[in-house]
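Text of data-v8.pdb (PDB, C-alpha atoms) as supplied:
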```pdb
ATOM      1  CA  MET B   1       0.000   0.000   0.000
ATOM      2  CA  SER B   2       1.284   3.412  -0.863
ATOM      3  CA  VAL B   3       1.471   6.243   1.618
ATOM      4  CA  GLY B   4      -1.371   7.996  -0.173
ATOM      5  CA  THR B   5      -3.721   5.054   0.380
ATOM      6  CA  VAL B   6      -2.883   4.869   4.078
ATOM      7  CA  VAL B   7      -3.515   8.603   4.484
ATOM      8  CA  ASP B   8      -6.779   8.276   2.574
ATOM      9  CA  TRP B   9      -7.912   5.523   4.917
ATOM     10  CA  LEU B  10      -6.957   7.606   7.957
ATOM     11  CA  ALA B  11      -8.934  10.473   6.453
ATOM     12  CA  ALA B  12     -11.935   8.203   5.973
ATOM     13  CA  VAL B  13     -11.763   6.961   9.565
ATOM     14  CA  ALA B  14     -11.527  10.526  10.867
ATOM     15  CA  LEU B  15     -14.413  11.720   8.698
ATOM     16  CA  VAL B  16     -16.711   8.857   9.681
ATOM     17  CA  SER B  17     -15.978   9.042  13.409
ATOM     18  CA  GLY B  18     -16.383  12.831  13.330
ATOM     19  CA  ALA B  19     -19.729  12.426  11.599
ATOM     20  CA  LEU B  20     -20.837   9.797  14.150
ATOM     21  CA  LEU B  21     -19.934  12.088  17.040
ATOM     22  CA  SER B  22     -21.885  14.915  15.440
ATOM     23  CA  LEU B  23     -24.835  12.542  15.033
ATOM     24  CA  ALA B  24     -24.631  11.578  18.716
ATOM     25  CA  ALA B  25     -24.586  15.284  19.561
ATOM     26  CA  GLY B  26     -27.727  15.838  17.523
ATOM     27  CA  ILE B  27     -29.481  12.939  19.266
ATOM     28  CA  GLY B  28     -28.369  14.340  22.616
ATOM     29  CA  VAL B  29     -29.840  17.749  21.829
ATOM     30  CA  LEU B  30     -33.133  16.081  21.033
ATOM     31  CA  ARG B  31     -33.209  13.707  23.995
ATOM     32  CA  PHE B  32     -31.731  15.562  26.966
ATOM     33  CA  PRO B  33     -34.428  16.968  29.228
ATOM     34  CA  ASP B  34     -32.947  20.330  30.170
ATOM     35  CA  VAL B  35     -31.219  23.376  28.680
ATOM     36  CA  LEU B  36     -27.989  22.773  30.551
ATOM     37  CA  ASP B  37     -27.885  19.099  29.615
ATOM     38  CA  ARG B  38     -28.551  20.006  26.018
ATOM     39  CA  MET B  39     -25.704  22.476  26.043
ATOM     40  CA  HIS B  40     -23.389  19.604  26.871
ATOM     41  CA  ALA B  41     -24.567  17.768  23.795
ATOM     42  CA  ALA B  42     -24.719  20.832  21.576
ATOM     43  CA  THR B  43     -21.261  22.163  22.292
ATOM     44  CA  LYS B  44     -19.098  19.251  23.285
ATOM     45  CA  PRO B  45     -19.222  16.235  20.974
ATOM     46  CA  GLN B  46     -19.341  18.896  18.324
ATOM     47  CA  VAL B  47     -15.876  20.123  19.348
ATOM     48  CA  LEU B  48     -14.203  16.765  18.817
ATOM     49  CA  GLY B  49     -16.556  15.918  15.954
ATOM     50  CA  VAL B  50     -15.677  19.034  13.986
ATOM     51  CA  LEU B  51     -11.993  18.631  14.772
ATOM     52  CA  LEU B  52     -12.067  15.059  13.463
ATOM     53  CA  LEU B  53     -13.875  16.182  10.326
ATOM     54  CA  LEU B  54     -11.251  18.880   9.812
ATOM     55  CA  VAL B  55      -8.416  16.398  10.306
ATOM     56  CA  GLY B  56     -10.067  14.110   7.800
ATOM     57  CA  LEU B  57     -10.384  16.949   5.320
ATOM     58  CA  ALA B  58      -6.778  17.997   5.834
ATOM     59  CA  LEU B  59      -5.545  14.441   5.260
ATOM     60  CA  ARG B  60      -7.573  14.198   2.090
ATOM     61  CA  LEU B  61      -6.921  17.624   0.553
ATOM     62  CA  ARG B  62      -3.213  18.040   1.404
ATOM     63  CA  THR B  63      -2.706  21.495  -0.113
ATOM     64  CA  ALA B  64      -1.179  24.423   1.740
ATOM     65  CA  ALA B  65      -4.015  26.869   1.118
ATOM     66  CA  ASP B  66      -6.649  24.423   2.371
ATOM     67  CA  LEU B  67      -4.548  23.485   5.394
ATOM     68  CA  GLY B  68      -4.299  27.134   6.424
ATOM     69  CA  MET B  69      -8.039  27.557   6.186
ATOM     70  CA  ILE B  70      -8.663  24.315   8.100
ATOM     71  CA  VAL B  71      -6.327  25.388  10.895
ATOM     72  CA  LEU B  72      -8.193  28.701  11.102
ATOM     73  CA  VAL B  73     -11.570  26.960  11.286
ATOM     74  CA  GLY B  74     -10.275  24.691  14.050
ATOM     75  CA  VAL B  75      -8.767  27.513  16.074
ATOM     76  CA  PHE B  76     -11.878  29.671  15.890
ATOM     77  CA  GLN B  77     -14.055  26.675  16.669
ATOM     78  CA  LEU B  78     -12.080  26.000  19.841
ATOM     79  CA  ALA B  79     -12.037  29.664  20.784
ATOM     80  CA  THR B  80     -15.718  30.441  20.271
ATOM     81  CA  ALA B  81     -17.638  27.282  21.238
ATOM     82  CA  PRO B  82     -17.075  27.665  25.005
ATOM     83  CA  VAL B  83     -18.025  31.345  24.896
ATOM     84  CA  ALA B  84     -21.328  30.595  23.186
ATOM     85  CA  ALA B  85     -22.013  27.690  25.560
ATOM     86  CA  GLN B  86     -21.334  29.811  28.605
ATOM     87  CA  MET B  87     -23.495  32.704  27.430
ATOM     88  CA  ILE B  88     -26.464  30.410  26.769
ATOM     89  CA  GLY B  89     -25.954  28.457  29.982
ATOM     90  CA  ARG B  90     -25.735  31.638  32.014
ATOM     91  CA  ALA B  91     -28.775  33.171  30.358
ATOM     92  CA  ALA B  92     -30.755  29.986  30.990
ATOM     93  CA  TYR B  93     -29.724  29.895  34.620
ATOM     94  CA  ARG B  94     -30.358  33.556  35.328
ATOM     95  CA  SER B  95     -33.767  33.547  33.731
ATOM     96  CA  GLY B  96     -34.712  30.486  35.773
ATOM     97  CA  ARG B  97     -35.137  28.116  32.862
ATOM     98  CA  VAL B  98     -33.248  25.367  34.633
ATOM     99  CA  ASP B  99     -35.029  22.289  35.894
ATOM    100  CA  ARG B 100     -33.802  22.069  39.459
ATOM    101  CA  SER B 101     -35.293  18.641  39.978
ATOM    102  CA  LEU B 102     -32.518  17.345  37.731
ATOM    103  CA  LEU B 103     -29.772  18.918  39.835
ATOM    104  CA  ASP B 104     -28.286  17.027  42.741
ATOM    105  CA  VAL B 105     -26.323  19.979  44.044
ATOM    106  CA  ASP B 106     -26.588  23.669  43.194
ATOM    107  CA  GLU B 107     -23.844  25.619  44.876
ATOM    108  CA  LEU B 108     -24.567  28.646  42.731
ATOM    109  CA  ALA B 109     -28.055  29.033  44.221
ATOM    110  CA  GLU B 110     -26.540  28.854  47.701
ATOM    111  CA  HIS B 111     -24.080  31.519  46.748
ATOM    112  CA  ARG B 112     -26.201  33.974  44.829
ATOM    113  CA  PRO B 113     -28.655  35.504  47.346
ATOM    114  CA  GLU B 114     -25.900  37.527  49.056
ATOM    115  CA  GLU B 115     -24.641  39.180  45.922
ATOM    116  CA  GLY B 116     -27.846  39.378  43.949
ATOM    117  CA  ASP B 117     -27.818  43.170  44.014
ATOM    118  CA  SER B 118     -24.910  43.452  41.653
ATOM    119  CA  ARG B 119     -26.959  41.849  38.925
ATOM    120  CA  PRO B 120     -29.807  44.028  37.750
ATOM    121  CA  GLU B 121     -31.289  41.398  35.448
ATOM    122  CA  ARG B 122     -34.698  39.926  35.631
ATOM    123  CA  ASP B 123     -34.362  37.854  38.755
ATOM    124  CA  GLY B 124     -37.711  39.127  39.845
ATOM    125  CA  SER B 125     -39.550  38.021  36.769
ATOM    126  CA  ARG B 126     -39.706  34.352  37.679
ATOM    127  CA  PRO B 127     -39.246  34.180  41.422
ATOM    128  CA  GLU B 128     -41.002  30.890  41.924
ATOM    129  CA  ARG B 129     -38.152  28.790  40.575
ATOM    130  CA  GLY B 130     -35.385  30.092  42.774
ATOM    131  CA  GLU B 131     -37.450  30.092  45.923
ATOM    132  CA  GLN B 132     -37.966  26.366  45.954
ATOM    133  CA  ARG B 133     -34.480  25.659  47.133
ATOM    134  CA  ARG B 134     -33.958  28.482  49.565
ATOM    135  CA  GLY B 135     -37.519  28.357  50.796
ATOM    136  CA  GLY B 136     -36.412  27.603  54.327
ATOM    137  CA  SER B 137     -35.388  31.156  55.048
ATOM    138  CA  ARG B 138     -38.803  32.638  54.512
ATOM    139  CA  SER B 139     -42.275  31.527  55.331
ATOM    140  CA  GLY B 140     -43.471  30.454  51.919
ATOM    141  CA  PRO B 141     -44.370  32.628  48.982
ATOM    142  CA  GLY B 142     -48.085  32.112  49.267
ATOM    143  CA  GLU B 143     -48.660  33.850  52.574
TER     144      GLU B 143
ATOM    145  CA  MET U 144      14.988  31.992  35.411
ATOM    146  CA  THR U 145      14.961  35.752  34.859
ATOM    147  CA  GLY U 146      12.736  37.001  37.630
ATOM    148  CA  ALA U 147      12.402  40.529  36.214
ATOM    149  CA  SER U 148       9.273  41.065  34.180
ATOM    150  CA  SER U 149       9.212  43.618  31.401
ATOM    151  CA  PRO U 150       7.958  47.104  32.318
ATOM    152  CA  ARG U 151       4.218  47.354  31.792
ATOM    153  CA  PRO U 152       3.785  50.524  29.636
ATOM    154  CA  ALA U 153       6.092  49.099  26.994
ATOM    155  CA  GLY U 154       4.440  45.727  27.428
ATOM    156  CA  ARG U 155       1.115  47.101  26.235
ATOM    157  CA  ARG U 156       2.646  48.219  22.956
ATOM    158  CA  ARG U 157       4.433  44.920  22.588
ATOM    159  CA  ASP U 158       1.188  43.006  23.138
ATOM    160  CA  GLN U 159      -0.473  45.055  20.402
ATOM    161  CA  LEU U 160       2.383  44.356  18.009
ATOM    162  CA  ILE U 161       2.072  40.625  18.673
ATOM    163  CA  ALA U 162      -1.676  40.857  18.093
ATOM    164  CA  LEU U 163      -1.061  42.726  14.829
ATOM    165  CA  GLY U 164       1.319  40.008  13.723
ATOM    166  CA  TRP U 165      -1.267  37.306  14.364
ATOM    167  CA  LEU U 166      -3.967  39.278  12.588
ATOM    168  CA  VAL U 167      -1.733  39.585   9.520
ATOM    169  CA  VAL U 168      -1.130  35.819   9.589
ATOM    170  CA  VAL U 169      -4.874  35.162   9.877
ATOM    171  CA  TRP U 170      -5.600  37.575   7.016
ATOM    172  CA  ASN U 171      -3.114  35.786   4.761
ATOM    173  CA  LEU U 172      -4.468  32.375   5.709
ATOM    174  CA  LEU U 173      -7.968  33.559   4.852
ATOM    175  CA  TRP U 174      -6.752  34.571   1.415
ATOM    176  CA  GLY U 175      -5.098  31.196   1.047
ATOM    177  CA  HIS U 176      -1.559  32.365   0.382
ATOM    178  CA  PHE U 177       1.102  34.770   1.605
ATOM    179  CA  SER U 178       1.960  37.631  -0.743
ATOM    180  CA  PRO U 179       3.320  41.168  -0.293
ATOM    181  CA  ALA U 180      -0.077  42.643  -1.175
ATOM    182  CA  ASN U 181      -1.817  40.394   1.374
ATOM    183  CA  VAL U 182       0.685  41.330   4.057
ATOM    184  CA  LEU U 183       0.144  45.026   3.297
ATOM    185  CA  THR U 184      -3.655  44.870   3.363
ATOM    186  CA  GLY U 185      -3.391  42.597   6.419
ATOM    187  CA  LEU U 186      -1.391  45.300   8.214
ATOM    188  CA  LEU U 187      -4.037  47.878   7.299
ATOM    189  CA  VAL U 188      -6.999  45.720   8.357
ATOM    190  CA  GLY U 189      -5.234  44.479  11.489
ATOM    191  CA  GLY U 190      -4.287  48.025  12.458
ATOM    192  CA  ALA U 191      -7.879  49.148  11.979
ATOM    193  CA  VAL U 192      -9.168  46.227  14.083
ATOM    194  CA  LEU U 193      -6.774  47.039  16.919
ATOM    195  CA  LEU U 194      -7.628  50.746  16.683
ATOM    196  CA  PHE U 195     -11.403  50.424  16.637
ATOM    197  CA  PHE U 196     -11.828  47.327  18.829
ATOM    198  CA  PRO U 197      -9.260  47.745  21.573
ATOM    199  CA  LEU U 198      -9.135  44.892  24.060
ATOM    200  CA  PRO U 199      -8.385  45.261  27.747
ATOM    201  CA  SER U 200      -4.746  44.544  28.340
ATOM    202  CA  VAL U 201      -4.024  41.098  29.672
ATOM    203  CA  SER U 202      -1.164  40.873  32.080
ATOM    204  CA  PHE U 203       1.009  37.941  31.156
ATOM    205  CA  GLY U 204       3.676  37.723  33.801
ATOM    206  CA  GLY U 205       4.612  34.127  33.219
ATOM    207  CA  ARG U 206       6.587  32.358  30.591
ATOM    208  CA  LEU U 207       6.024  29.413  28.325
ATOM    209  CA  ARG U 208       7.391  26.092  29.469
ATOM    210  CA  PRO U 209       7.397  23.904  26.362
ATOM    211  CA  ARG U 210       7.342  20.616  28.209
ATOM    212  CA  ALA U 211       4.424  21.625  30.431
ATOM    213  CA  VAL U 212       2.595  22.944  27.369
ATOM    214  CA  LEU U 213       2.977  19.512  25.767
ATOM    215  CA  VAL U 214       1.673  17.826  28.922
ATOM    216  CA  LEU U 215      -1.266  20.266  28.921
ATOM    217  CA  ALA U 216      -2.073  19.623  25.265
ATOM    218  CA  GLY U 217      -1.671  15.846  25.545
ATOM    219  CA  THR U 218      -3.873  15.539  28.618
ATOM    220  CA  PHE U 219      -6.420  17.842  27.019
ATOM    221  CA  VAL U 220      -6.698  15.698  23.904
ATOM    222  CA  THR U 221      -7.008  12.523  25.973
ATOM    223  CA  GLU U 222      -9.706  14.034  28.168
ATOM    224  CA  LEU U 223     -11.463  15.484  25.130
ATOM    225  CA  VAL U 224     -11.671  12.096  23.424
ATOM    226  CA  SER U 225     -12.739  10.087  26.489
ATOM    227  CA  ALA U 226     -15.260  12.686  27.635
ATOM    228  CA  SER U 227     -16.715  13.081  24.131
ATOM    229  CA  ILE U 228     -17.288   9.344  23.914
ATOM    230  CA  HIS U 229     -18.829   9.395  27.403
ATOM    231  CA  VAL U 230     -21.317  12.161  26.567
ATOM    232  CA  ALA U 231     -22.102  10.615  23.189
ATOM    233  CA  ALA U 232     -22.821   7.297  24.931
ATOM    234  CA  ILE U 233     -25.168   9.014  27.385
ATOM    235  CA  ALA U 234     -26.916  10.720  24.488
ATOM    236  CA  VAL U 235     -27.731   7.504  22.663
ATOM    237  CA  ARG U 236     -28.394   5.228  25.648
ATOM    238  CA  PRO U 237     -32.119   4.471  25.552
ATOM    239  CA  GLY U 238     -34.242   5.530  28.472
ATOM    240  CA  PHE U 239     -31.431   7.122  30.435
ATOM    241  CA  ARG U 240     -32.022  10.460  32.162
ATOM    242  CA  PRO U 241     -28.697  11.900  33.333
ATOM    243  CA  ARG U 242     -28.629  13.892  36.548
ATOM    244  CA  GLY U 243     -26.516  16.995  36.870
ATOM    245  CA  ALA U 244     -25.111  19.283  39.507
ATOM    246  CA  ILE U 245     -23.724  22.794  39.690
ATOM    247  CA  ILE U 246     -20.563  23.013  41.754
ATOM    248  CA  GLY U 247     -18.507  26.057  42.681
ATOM    249  CA  VAL U 248     -14.783  25.567  42.240
ATOM    250  CA  PRO U 249     -12.537  28.262  43.742
ATOM    251  CA  LEU U 250      -9.356  28.566  41.706
ATOM    252  CA  ARG U 251      -6.064  29.059  43.440
ATOM    253  CA  VAL U 252      -4.566  31.544  40.965
ATOM    254  CA  ARG U 253      -6.997  34.401  40.428
ATOM    255  CA  THR U 254      -5.519  36.234  37.466
ATOM    256  CA  ASP U 255      -7.877  36.992  34.580
ATOM    257  CA  LEU U 256      -5.718  35.009  32.184
ATOM    258  CA  ASN U 257      -5.731  31.892  34.323
ATOM    259  CA  LEU U 258      -9.472  32.210  34.938
ATOM    260  CA  ALA U 259     -10.174  32.562  31.213
ATOM    261  CA  LEU U 260      -7.863  29.734  30.124
ATOM    262  CA  THR U 261      -9.166  27.328  32.748
ATOM    263  CA  ALA U 262     -12.783  28.178  31.894
ATOM    264  CA  GLU U 263     -12.054  27.736  28.208
ATOM    265  CA  LEU U 264     -10.439  24.326  28.574
ATOM    266  CA  ILE U 265     -13.097  23.075  31.004
ATOM    267  CA  SER U 266     -15.798  24.223  28.605
ATOM    268  CA  LEU U 267     -14.221  22.388  25.701
ATOM    269  CA  VAL U 268     -14.187  19.091  27.550
ATOM    270  CA  PRO U 269     -17.628  17.462  27.488
ATOM    271  CA  GLY U 270     -19.428  16.805  30.728
ATOM    272  CA  THR U 271     -18.534  20.134  32.269
ATOM    273  CA  LEU U 272     -20.120  23.467  31.379
ATOM    274  CA  ILE U 273     -19.413  26.867  32.901
ATOM    275  CA  VAL U 274     -22.643  28.468  34.099
ATOM    276  CA  GLU U 275     -21.258  31.449  35.929
ATOM    277  CA  VAL U 276     -17.889  33.037  36.623
ATOM    278  CA  ASP U 277     -17.228  35.045  39.753
ATOM    279  CA  ARG U 278     -14.279  37.097  38.623
ATOM    280  CA  GLU U 279     -13.548  38.858  41.919
ATOM    281  CA  ALA U 280     -13.527  35.712  43.995
ATOM    282  CA  GLY U 281     -12.017  33.576  41.239
ATOM    283  CA  VAL U 282     -14.764  30.969  41.440
ATOM    284  CA  LEU U 283     -16.028  28.965  38.490
ATOM    285  CA  TYR U 284     -19.554  27.581  38.710
ATOM    286  CA  VAL U 285     -19.595  24.435  36.657
ATOM    287  CA  HIS U 286     -22.511  22.290  35.573
ATOM    288  CA  VAL U 287     -21.487  18.642  35.628
ATOM    289  CA  LEU U 288     -23.386  16.101  33.579
ATOM    290  CA  ASP U 289     -24.117  12.540  34.671
ATOM    291  CA  VAL U 290     -23.614  12.752  38.425
ATOM    292  CA  ARG U 291     -24.321   9.531  40.287
ATOM    293  CA  SER U 292     -22.688   9.953  43.674
ATOM    294  CA  PRO U 293     -20.933  12.564  45.807
ATOM    295  CA  ALA U 294     -17.692  10.910  44.752
ATOM    296  CA  ASP U 295     -18.382  12.041  41.194
ATOM    297  CA  LEU U 296     -18.587  15.633  42.409
ATOM    298  CA  THR U 297     -15.275  15.565  44.245
ATOM    299  CA  GLY U 298     -13.820  13.834  41.211
ATOM    300  CA  SER U 299     -14.972  16.678  38.957
ATOM    301  CA  ARG U 300     -13.637  19.235  41.417
ATOM    302  CA  ASP U 301     -10.248  17.576  41.459
ATOM    303  CA  ARG U 302     -10.230  17.349  37.677
ATOM    304  CA  ILE U 303     -10.905  21.078  37.300
ATOM    305  CA  LEU U 304      -8.193  21.958  39.790
ATOM    306  CA  ALA U 305      -5.843  19.625  37.936
ATOM    307  CA  VAL U 306      -6.588  21.489  34.701
ATOM    308  CA  GLU U 307      -5.784  24.753  36.443
ATOM    309  CA  GLU U 308      -2.547  23.323  37.775
ATOM    310  CA  ARG U 309      -1.452  22.139  34.330
ATOM    311  CA  ILE U 310      -2.220  25.576  32.847
ATOM    312  CA  VAL U 311      -0.226  27.384  35.523
ATOM    313  CA  ARG U 312       2.648  24.958  35.058
ATOM    314  CA  ALA U 313       2.541  25.646  31.328
ATOM    315  CA  VAL U 314       2.227  29.431  31.209
ATOM    316  CA  GLY U 315       2.218  30.744  34.773
ATOM    317  CA  SER U 316       4.849  32.813  36.551
ATOM    318  CA  GLU U 317       7.009  31.578  39.398
ATOM    319  CA  ALA U 318       4.818  33.392  41.915
ATOM    320  CA  GLU U 319       1.708  31.706  40.550
ATOM    321  CA  LEU U 320       3.424  28.337  40.752
ATOM    322  CA  ARG U 321       4.186  28.984  44.393
ATOM    323  CA  GLN U 322       0.549  29.979  44.940
ATOM    324  CA  LEU U 323      -0.416  26.637  43.514
ATOM    325  CA  THR U 324       1.587  24.656  46.025
ATOM    326  CA  THR U 325       1.014  26.799  49.106
ATOM    327  CA  ALA U 326      -2.646  27.708  48.695
ATOM    328  CA  PRO U 327      -4.744  25.200  50.573
ATOM    329  CA  THR U 328      -6.629  22.876  48.309
ATOM    330  CA  GLU U 329     -10.241  22.751  49.283
ATOM    331  CA  ALA U 330     -10.927  19.636  51.267
ATOM    332  CA  PRO U 331     -13.457  17.440  49.567
TER     333      PRO U 331
END
```
Final structure tokens representation of the file:
Amino acid sequence: MSVGTVVDWLAAVALVSGALLSLAAGIGVLRFPDVLDRMHAATKPQVLGVLLLLVGLALRLRTAADLGMIVLVGVFQLATAPVAAQMIGRAAYRSGRVDRSLLDVDELAEHRPEEGDSRPERDGSRPERGEQRRGGSRSGPGE
Amino acid sequence: MTGASSPRPAGRRRDQLIALGWLVVVWNLLWGHFSPANVLTGLLVGGAVLLFFPLPSVSFGGRLRPRAVLVLAGTFVTELVSASIHVAAIAVRPGFRPRGAIIGVPLRVRTDLNLALTAELISLVPGTLIVEVDREAGVLYVHVLDVRSPADLTGSRDRILAVEERIVRAVGSEAELRQLTTAPTEAP
């Protein structure tokens, strides 16, 4: 077997496994019950999946111009995916769209009441979610 | 081993020059080839970007340690692969509802750079997702997927602190390294 054939096979393996990971990510987005869980599926297998696809492409194309572009895509992918994930996760948490019944521990909720003033966002718009956990300190919202 | 760091006012200019250099490289890569005309237009565009979108200066007091950088990159790739497979398996397992948790992890080195790098690497690895960053206190609030026991939580905590340690070993200053060893690790 020539070197070219071996590289082509490596490229095929990388492309297929990258595609499978992306498929698993898509299934995860559909199946996970909560925003935060879905963010795991939406941002994470995609990182390795896209990287594998890029490696596969690079192995197959093998020209300098394409390699430069592929490296750029990979770098920006790695740099931006966590930022997007964090912004969505934070927005979901702050607006109370997190299913707390799925959380075993929430140290952020324990931490936030003291410093809530520094955040002028819409904490007040959906108070019923946050109160469930720290309900012990007051005498119930209904009274 | 040189303990003296470069004076800060000059450092700002140097940082911008480095950024300009990278922007020129990116510009040329986008065009697909390096040529004098691309370098020239890259300098113009890069200069305009730096002029109109100035970034807060990042203090980089450390130095690169090539070996530690390799360890960091190698461990990252390993964790990325194993964690990706883990999350993918959870995603396709029929009838399985993963439970999560949000844990607060206080970092030992509280510089902006360390905070950002640690958050970035943790976010890239599946299974952990940054929900909130407390910049003043240097605490990362991380959502962990597929928690089954308290041992999983301490495991995640240790893993995040290990990531921080590898980053500091790779790019941190001597003082930050000392902070790493002297600062008390939070007891599980």
Test item: chain U residues at most 8 Å from chain B, counting all atoms listed in the file, as number ranges by chain | U: 169, 172-173, 175-176, 223-224, 227-228, 230-235, 240-247, 263, 266-275, 284, 286, 288, 290
What gap, in Å, lies between CA of Val314 (chain U) and CA of Leu207 (chain U)?
-> 4.8 Å
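Shortest atom-to-atom contact with Gly18 (chain B) among B:Leu57, B:Val98, B:Val35, B:Leu51: B:Leu51, counting all atoms listed in the file.
As for CA of Ile161 (chain U) and CA of Leu258 (chain U), they are spaced 21.6 Å apart.
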Kindly extract all protein, DNA and RNA residues lying within 12 Å of the coordinates (-10.1, 15.1, 36.4) given in the file, considering only C-alpha atoms, and supply them as a PyMOL selection string.
-> chain U and resi 218-219+221-223+225-226+265+268-271+287+295-309
Near Val16 (chain B), within 9 Å and counting all atoms listed in the file, which residues show up once chain neighbours fewer than 3 positions away are dropped, as a PyMOL selection string?
-> chain B and resi 11-13+19-21+52-53+56
Output the selection as a short mmCIF file (atom, residue, chain, number, x, y, z; two decimals), keeping the file's coordinate frame - C-alpha atoms for each residue.
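Below is the file that was written, selection-v8.cif:
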```
data_model
loop_
_atom_site.label_atom_id
_atom_site.label_comp_id
_atom_site.auth_asym_id
_atom_site.auth_seq_id
_atom_site.Cartn_x
_atom_site.Cartn_y
_atom_site.Cartn_z
CA ALA B 11 -8.93 10.47 6.45
CA ALA B 12 -11.94 8.20 5.97
CA VAL B 13 -11.76 6.96 9.56
CA ALA B 19 -19.73 12.43 11.60
CA LEU B 20 -20.84 9.80 14.15
CA LEU B 21 -19.93 12.09 17.04
CA LEU B 52 -12.07 15.06 13.46
CA LEU B 53 -13.88 16.18 10.33
CA GLY B 56 -10.07 14.11 7.80
#
```
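Proximity ranking of U:Val214, U:Val311, U:Leu193, U:Ala162 relative to Arg253 (chain U) places U:Val311 first, based on only C-alpha atoms.
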